[in-house]
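Asker: Pasting in a structure now, in C-alpha cells, and then I'll have a few things to ask.
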Amino acid sequence: MHWRCNHRVIDLTRPLVMGILNVTSDSFSDGDRYSRPDAALDRAAVMVAEGADIIDVGGESTRPGADAVDVGVESARVLPVIDGIARRFDVAISIDTSKPAVMAAAAHAGACIVNDVYALRAPGAREWAARAKVGVCLMHMQGEPRTMQQHPMYEDVVTEVCEFLMRERSACLSAGIEPDAIALDPGVGFGKGLDHNMTLLKALPRLAALGSPLLVGVSRKSFIGRILGRPTDQRLYGGLGLAAFAVSWGARIIRTHDVAPTRDAIDMVSAVMRASSN
Ligand code: 7PM
C-alpha cells in the first residue's frame, strides 16, 4: 500500500509518524514556542532527526473552543516554515488547514499533503486538491471546533463515522481526486466524548476495512488525561500505548507531538506484525 502525495509516493508497508508542528500563538501543547519561523525550523529539524516521515504544519488552532484566524495571518505563520522545511529536509510536509487559499499557497511553498479537519468541505477545496494532486487526509468531526465538545451525540458512533468518511471520500473521487491520494481519520476528540473515542479505537478494523490508509491522532488528548488522571505534559506513555494499539489494529499513520518514542513504539509493533507465523 502507498499514499500518493503529489511527487511523493509514500510507502505504507511500514507505519508512518506524522510530527505535529504548531505555529499558532495559542496552540494546545506547545505554547508559542514555535511561532517564530527559526524556532519552528529547529523543531522540525529535531522531528526529522527523530524519524518523522511527515511534518504537519498548522497555523490555526483546532482545539475545542479556539477562535478562527484569517487567511493572511494563517499564511504568514505557515508559509515561511513550510518553505524552510522544504528547502532543508527531504521530508513530506502536510498543511493543517481548512482554507483553500492557504492550501494552495502551502502547496506552492512545498507541502504535498492537506490535513483538513473539515475533510475538504470548503467550497472549491476538493476541486483544487484534484488539480494540485496533493495527498489528502479526510477527518471526521461532529460540529465545529468552537462548540464540538459541548454535547457530542451519536446513535452508533462507528457506523456514523464510517458513513461520513465514505461519503466525503466519494465526493473527493467525484471531484477528480485519485483514490490512492486519500487517507481517512476517525477524528479522535473532535465532537466525541470519552466513550465515543474508546468505541472508535476499538473499532479501528472496521475503519481500516473502508480500504484507504487510516491516520490516527491521540497525542496528549484530553481523554487520555480523563482515563489516567494526567495533565497534558504527562500523557506520553498513555499515547504510546494507544499508538501501538492503533497500528496493531490497522492504523498506518500516527500523528504525534512526540516523534522519537512513537517511532520506536510503532516500529516494534510493525516488526512483530511482519514476523512469519511459524
Ligand atoms: C483536542 C482535539 C485538542 C484535537 C487538540 C486537538 C487531529 C488533527 C488535531 C487528528 C488529524 C491536537 C489537536 N488532531 N488532524 N488535528 N487528526 N488529521 O492534538 O486527530 O493537535 S488538533
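Labels used: A, B, ... for chains in the order of the C-alpha cells, numbers from 1 for residues in each chain, and numbers from 1 for ligands as shown.
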Could you find all residues in range 4-221 of chain A that DSSP calls alpha helix (DSSP H) from the backbone, and write them as a ChimeraX atom specification?

Answerer: /A:37-49,71-88,100-109,125-132,157-174,194-202,204-208

Asker: List as a VMD selection string the protein and nucleic acid residues lying within 7 Å of ligand 1, with only C-alpha atoms and all ligand atoms counted.

Answerer: chain A and resid 20 28 61 to 64 96 115 to 117 137 139 185 187 to 190 215 to 222 255

Asker: Since we have the selection now, will you write its residues out, keeping C-alpha atoms, as an mmCIF file, in the first residue's frame?

Answerer:
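Done, and the output landed in selection-v7.cif:
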data_model
loop_
_atom_site.group_PDB
_atom_site.id
_atom_site.type_symbol
_atom_site.label_atom_id
_atom_site.label_comp_id
_atom_site.auth_asym_id
_atom_site.auth_seq_id
_atom_site.Cartn_x
_atom_site.Cartn_y
_atom_site.Cartn_z
ATOM 1 C CA ILE A 20 2.950 17.978 14.801
ATOM 2 C CA PHE A 28 -2.705 23.237 22.500
ATOM 3 C CA SER A 61 -5.611 26.018 16.406
ATOM 4 C CA THR A 62 -8.355 23.388 16.074
ATOM 5 C CA ARG A 63 -8.563 22.763 19.822
ATOM 6 C CA PRO A 64 -12.039 22.866 21.356
ATOM 7 C CA ASP A 96 -3.164 21.508 8.550
ATOM 8 C CA ASN A 115 -4.670 17.565 6.524
ATOM 9 C CA ASP A 116 -8.119 19.096 6.851
ATOM 10 C CA VAL A 117 -10.292 18.591 9.929
ATOM 11 C CA CYS A 137 -6.435 13.356 4.903
ATOM 12 C CA MET A 139 -11.100 13.607 9.100
ATOM 13 C CA ASP A 185 -9.141 9.643 10.017
ATOM 14 C CA GLY A 187 -11.001 12.333 14.309
ATOM 15 C CA VAL A 188 -10.441 11.240 17.900
ATOM 16 C CA GLY A 189 -11.602 14.063 20.213
ATOM 17 C CA PHE A 190 -13.446 16.011 17.510
ATOM 18 C CA LEU A 215 -4.454 8.152 10.126
ATOM 19 C CA VAL A 216 -4.985 8.357 13.894
ATOM 20 C CA GLY A 217 -4.164 11.227 16.264
ATOM 21 C CA VAL A 218 -4.349 10.639 20.010
ATOM 22 C CA SER A 219 -1.227 12.502 21.173
ATOM 23 C CA ARG A 220 -1.767 14.329 24.510
ATOM 24 C CA LYS A 221 -5.539 14.426 24.033
ATOM 25 C CA SER A 222 -7.821 15.070 26.971
ATOM 26 C CA ARG A 255 0.015 11.936 14.252
#

Asker: Restricting the calculation to only C-alpha atoms: of A:His7, A:Arg126, A:Arg43, A:Lys133, which residue gets closest to Gly19 in chain A?

Answerer: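 With only C-alpha atoms as the atom set, the closest residue is A:Arg43.
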
Asker: Which neighbours of range 201-214 of chain A fall inside 7 Å, counting only C-alpha atoms, when residues of the same chain fewer than 2 positions from it are skipped, and could you give them as a ChimeraX atom specification?

Answerer: /A:158,162,182-185,197-199,216,249-253

Asker: Which residues come within 8 Å of Glu127 in chain A, counting only C-alpha atoms, excluding same-chain residues fewer than 2 positions away, as JSON, numbers by chain?

Answerer: {"A": [124, 125, 129, 130, 131, 175, 176, 177]}

Asker: Create the file for the chosen residues now, containing N, CA, C and O atoms and written as an mmCIF file, in the first residue's frame.

Answerer:
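Once written, again_14.cif looks like this:
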data_model
loop_
_atom_site.group_PDB
_atom_site.id
_atom_site.type_symbol
_atom_site.label_atom_id
_atom_site.label_comp_id
_atom_site.auth_asym_id
_atom_site.auth_seq_id
_atom_site.Cartn_x
_atom_site.Cartn_y
_atom_site.Cartn_z
ATOM 1 N N GLY A 124 -14.732 24.648 -3.237
ATOM 2 C CA GLY A 124 -13.545 24.688 -4.089
ATOM 3 C C GLY A 124 -12.370 23.866 -3.598
ATOM 4 O O GLY A 124 -11.415 23.660 -4.346
ATOM 5 N N ALA A 125 -12.426 23.365 -2.369
ATOM 6 C CA ALA A 125 -11.266 22.657 -1.801
ATOM 7 C C ALA A 125 -10.979 21.346 -2.543
ATOM 8 O O ALA A 125 -9.826 21.043 -2.875
ATOM 9 N N ALA A 129 -7.708 20.397 -4.795
ATOM 10 C CA ALA A 129 -6.851 19.248 -4.434
ATOM 11 C C ALA A 129 -6.699 18.287 -5.618
ATOM 12 O O ALA A 129 -5.618 17.719 -5.826
ATOM 13 N N ALA A 130 -7.768 18.123 -6.399
ATOM 14 C CA ALA A 130 -7.702 17.250 -7.585
ATOM 15 C C ALA A 130 -6.696 17.803 -8.592
ATOM 16 O O ALA A 130 -5.869 17.063 -9.127
ATOM 17 N N ARG A 131 -6.761 19.105 -8.839
ATOM 18 C CA ARG A 131 -5.829 19.723 -9.811
ATOM 19 C C ARG A 131 -4.392 19.696 -9.294
ATOM 20 O O ARG A 131 -3.459 19.448 -10.047
ATOM 21 N N ALA A 175 -14.840 14.653 -7.543
ATOM 22 C CA ALA A 175 -14.157 15.911 -7.909
ATOM 23 C C ALA A 175 -12.849 15.635 -8.658
ATOM 24 O O ALA A 175 -12.192 16.579 -9.107
ATOM 25 N N GLY A 176 -12.456 14.356 -8.757
ATOM 26 C CA GLY A 176 -11.270 14.013 -9.542
ATOM 27 C C GLY A 176 -10.024 13.695 -8.727
ATOM 28 O O GLY A 176 -8.943 13.514 -9.289
ATOM 29 N N ILE A 177 -10.160 13.616 -7.402
ATOM 30 C CA ILE A 177 -9.014 13.205 -6.562
ATOM 31 C C ILE A 177 -8.798 11.698 -6.757
ATOM 32 O O ILE A 177 -9.757 10.926 -6.800
#

Asker: Near Val81 in chain A, counting only C-alpha atoms, which residues have an atom at most 10 Å away, once you skip same-chain residues fewer than 4 positions from it, shown as a ChimeraX atom specification?

Answerer: /A:21,23,34-41,44,57-58,75-77,85-87,106,109-110

Asker: For the structure I just gave you, how does DSSP split range 91-273 of chain A - specifically, which residues are strand (DSSP E)? Reply as JSON, numbers by chain.

Answerer: {"A": [92, 93, 94, 95, 96, 113, 114, 115, 116, 135, 136, 137, 138, 139, 182, 183, 184, 185, 215, 216, 217, 253, 254, 255, 256]}

Asker: Write out the residues from the selection above, keeping N, CA, C and O atoms, as a CSV table (one decimal), in the first residue's frame.

Answerer:
chain,number,residue,atom,x,y,z
A,92,ALA,N,8.2,14.7,3.9
A,92,ALA,CA,6.9,15.1,3.4
A,92,ALA,C,6.3,16.2,4.3
A,92,ALA,O,6.5,16.1,5.5
A,93,ILE,N,5.7,17.2,3.8
A,93,ILE,CA,5.1,18.3,4.6
A,93,ILE,C,3.6,18.3,4.4
A,93,ILE,O,3.1,18.3,3.2
A,94,SER,N,2.8,18.2,5.5
A,94,SER,CA,1.4,18.4,5.3
A,94,SER,C,1.0,19.8,5.9
A,94,SER,O,1.6,20.3,6.8
A,95,ILE,N,0.0,20.4,5.3
A,95,ILE,CA,-0.6,21.6,5.8
A,95,ILE,C,-1.9,21.3,6.5
A,95,ILE,O,-2.8,20.8,5.9
A,96,ASP,N,-2.0,21.7,7.7
A,96,ASP,CA,-3.2,21.5,8.6
A,96,ASP,C,-4.0,22.8,8.4
A,96,ASP,O,-3.8,23.8,9.1
A,113,ILE,N,0.8,17.4,1.2
A,113,ILE,CA,-0.4,16.8,1.8
A,113,ILE,C,-1.3,17.9,2.4
A,113,ILE,O,-0.7,18.8,3.0
A,114,VAL,N,-2.6,17.7,2.3
A,114,VAL,CA,-3.5,18.6,3.0
A,114,VAL,C,-4.2,17.8,4.1
A,114,VAL,O,-4.8,16.7,3.8
A,115,ASN,N,-4.0,18.2,5.4
A,115,ASN,CA,-4.7,17.6,6.5
A,115,ASN,C,-5.8,18.5,7.0
A,115,ASN,O,-5.5,19.5,7.6
A,116,ASP,N,-7.0,18.2,6.6
A,116,ASP,CA,-8.1,19.1,6.9
A,116,ASP,C,-9.2,18.5,7.8
A,116,ASP,O,-9.8,17.5,7.4
A,135,GLY,N,-1.8,14.8,-1.7
A,135,GLY,CA,-2.4,13.8,-0.8
A,135,GLY,C,-3.4,14.5,0.1
A,135,GLY,O,-3.1,15.7,0.5
A,136,VAL,N,-4.5,13.8,0.5
A,136,VAL,CA,-5.4,14.5,1.4
A,136,VAL,C,-5.8,13.5,2.6
A,136,VAL,O,-5.8,12.3,2.4
A,137,CYS,N,-5.9,14.1,3.8
A,137,CYS,CA,-6.4,13.4,4.9
A,137,CYS,C,-7.8,13.9,5.2
A,137,CYS,O,-8.0,15.1,5.6
A,138,LEU,N,-8.8,13.0,5.1
A,138,LEU,CA,-10.2,13.4,5.4
A,138,LEU,C,-10.5,13.0,6.8
A,138,LEU,O,-10.5,11.8,7.1
A,139,MET,N,-10.8,13.9,7.7
A,139,MET,CA,-11.1,13.6,9.1
A,139,MET,C,-12.6,13.8,9.4
A,139,MET,O,-13.2,14.7,9.0
A,182,ILE,N,-6.0,9.5,-1.0
A,182,ILE,CA,-6.9,9.7,0.1
A,182,ILE,C,-6.6,8.9,1.3
A,182,ILE,O,-6.5,7.7,1.2
A,183,ALA,N,-6.4,9.5,2.5
A,183,ALA,CA,-6.3,8.8,3.7
A,183,ALA,C,-7.5,9.3,4.6
A,183,ALA,O,-8.0,10.4,4.4
A,184,LEU,N,-7.9,8.4,5.5
A,184,LEU,CA,-9.1,8.7,6.3
A,184,LEU,C,-8.7,8.7,7.8
A,184,LEU,O,-7.7,8.1,8.2
A,185,ASP,N,-9.5,9.4,8.6
A,185,ASP,CA,-9.1,9.6,10.0
A,185,ASP,C,-10.4,9.7,10.8
A,185,ASP,O,-11.3,10.6,10.5
A,215,LEU,N,-5.3,7.3,9.3
A,215,LEU,CA,-4.5,8.2,10.1
A,215,LEU,C,-5.2,8.3,11.5
A,215,LEU,O,-6.4,8.5,11.5
A,216,VAL,N,-4.4,8.2,12.6
A,216,VAL,CA,-5.0,8.4,13.9
A,216,VAL,C,-4.2,9.3,14.7
A,216,VAL,O,-2.9,9.3,14.7
A,217,GLY,N,-4.8,10.3,15.4
A,217,GLY,CA,-4.2,11.2,16.3
A,217,GLY,C,-4.7,11.1,17.7
A,217,GLY,O,-5.9,11.4,17.9
A,253,ILE,N,-0.8,5.6,9.9
A,253,ILE,CA,-0.1,6.9,10.1
A,253,ILE,C,-0.5,7.4,11.5
A,253,ILE,O,-1.7,7.4,11.8
A,254,ILE,N,0.5,7.7,12.3
A,254,ILE,CA,0.2,8.2,13.7
A,254,ILE,C,0.7,9.6,13.7
A,254,ILE,O,1.8,9.9,13.5
A,255,ARG,N,-0.3,10.5,14.1
A,255,ARG,CA,0.0,11.9,14.3
A,255,ARG,C,0.4,12.2,15.7
A,255,ARG,O,-0.4,11.9,16.6
A,256,THR,N,1.5,12.8,16.0
A,256,THR,CA,2.0,12.9,17.3
A,256,THR,C,2.9,14.1,17.6
A,256,THR,O,3.6,14.6,16.7

Asker: CA of Asp264 in chain A and CA of Ala52 in chain A, how far apart in Å?

Answerer: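 According to the coordinates, CA of Ala52 in chain A and CA of Asp264 in chain A are separated by 11.1 Å.
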
Asker: Interatomic distance between CA of Val17 in chain A and CA of Asp53 in chain A?

Answerer: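 Those two atoms sit 5.4 Å apart.
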
Asker: Which residue gives the smallest distance to Val102 in chain A among A:Leu12, A:Val73, A:Leu228, A:Leu242, with only C-alpha atoms counted?

Answerer: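 Looking only at the distances to Val102 in chain A, the closest residue turns out to be A:Val73.
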
Asker: Using only C-alpha atoms, determine which residues lie at most 10 Å from Gly241 in chain A, disregarding the query and same-chain residues fewer than 6 positions distant; provide the list as a PyMOL selection string.

Answerer: chain A and resi 262+265-266

Asker: Restricted to C-alpha atoms, what would the selected residues look like written as an mmCIF file, in the first residue's frame?

Answerer:
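Contents of selection-v4.cif, freshly written:
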data_model
loop_
_atom_site.group_PDB
_atom_site.id
_atom_site.type_symbol
_atom_site.label_atom_id
_atom_site.label_comp_id
_atom_site.auth_asym_id
_atom_site.auth_seq_id
_atom_site.Cartn_x
_atom_site.Cartn_y
_atom_site.Cartn_z
ATOM 1 C CA THR A 262 6.276 6.969 18.855
ATOM 2 C CA ALA A 265 6.837 2.024 19.718
ATOM 3 C CA ILE A 266 5.224 1.561 16.310
#
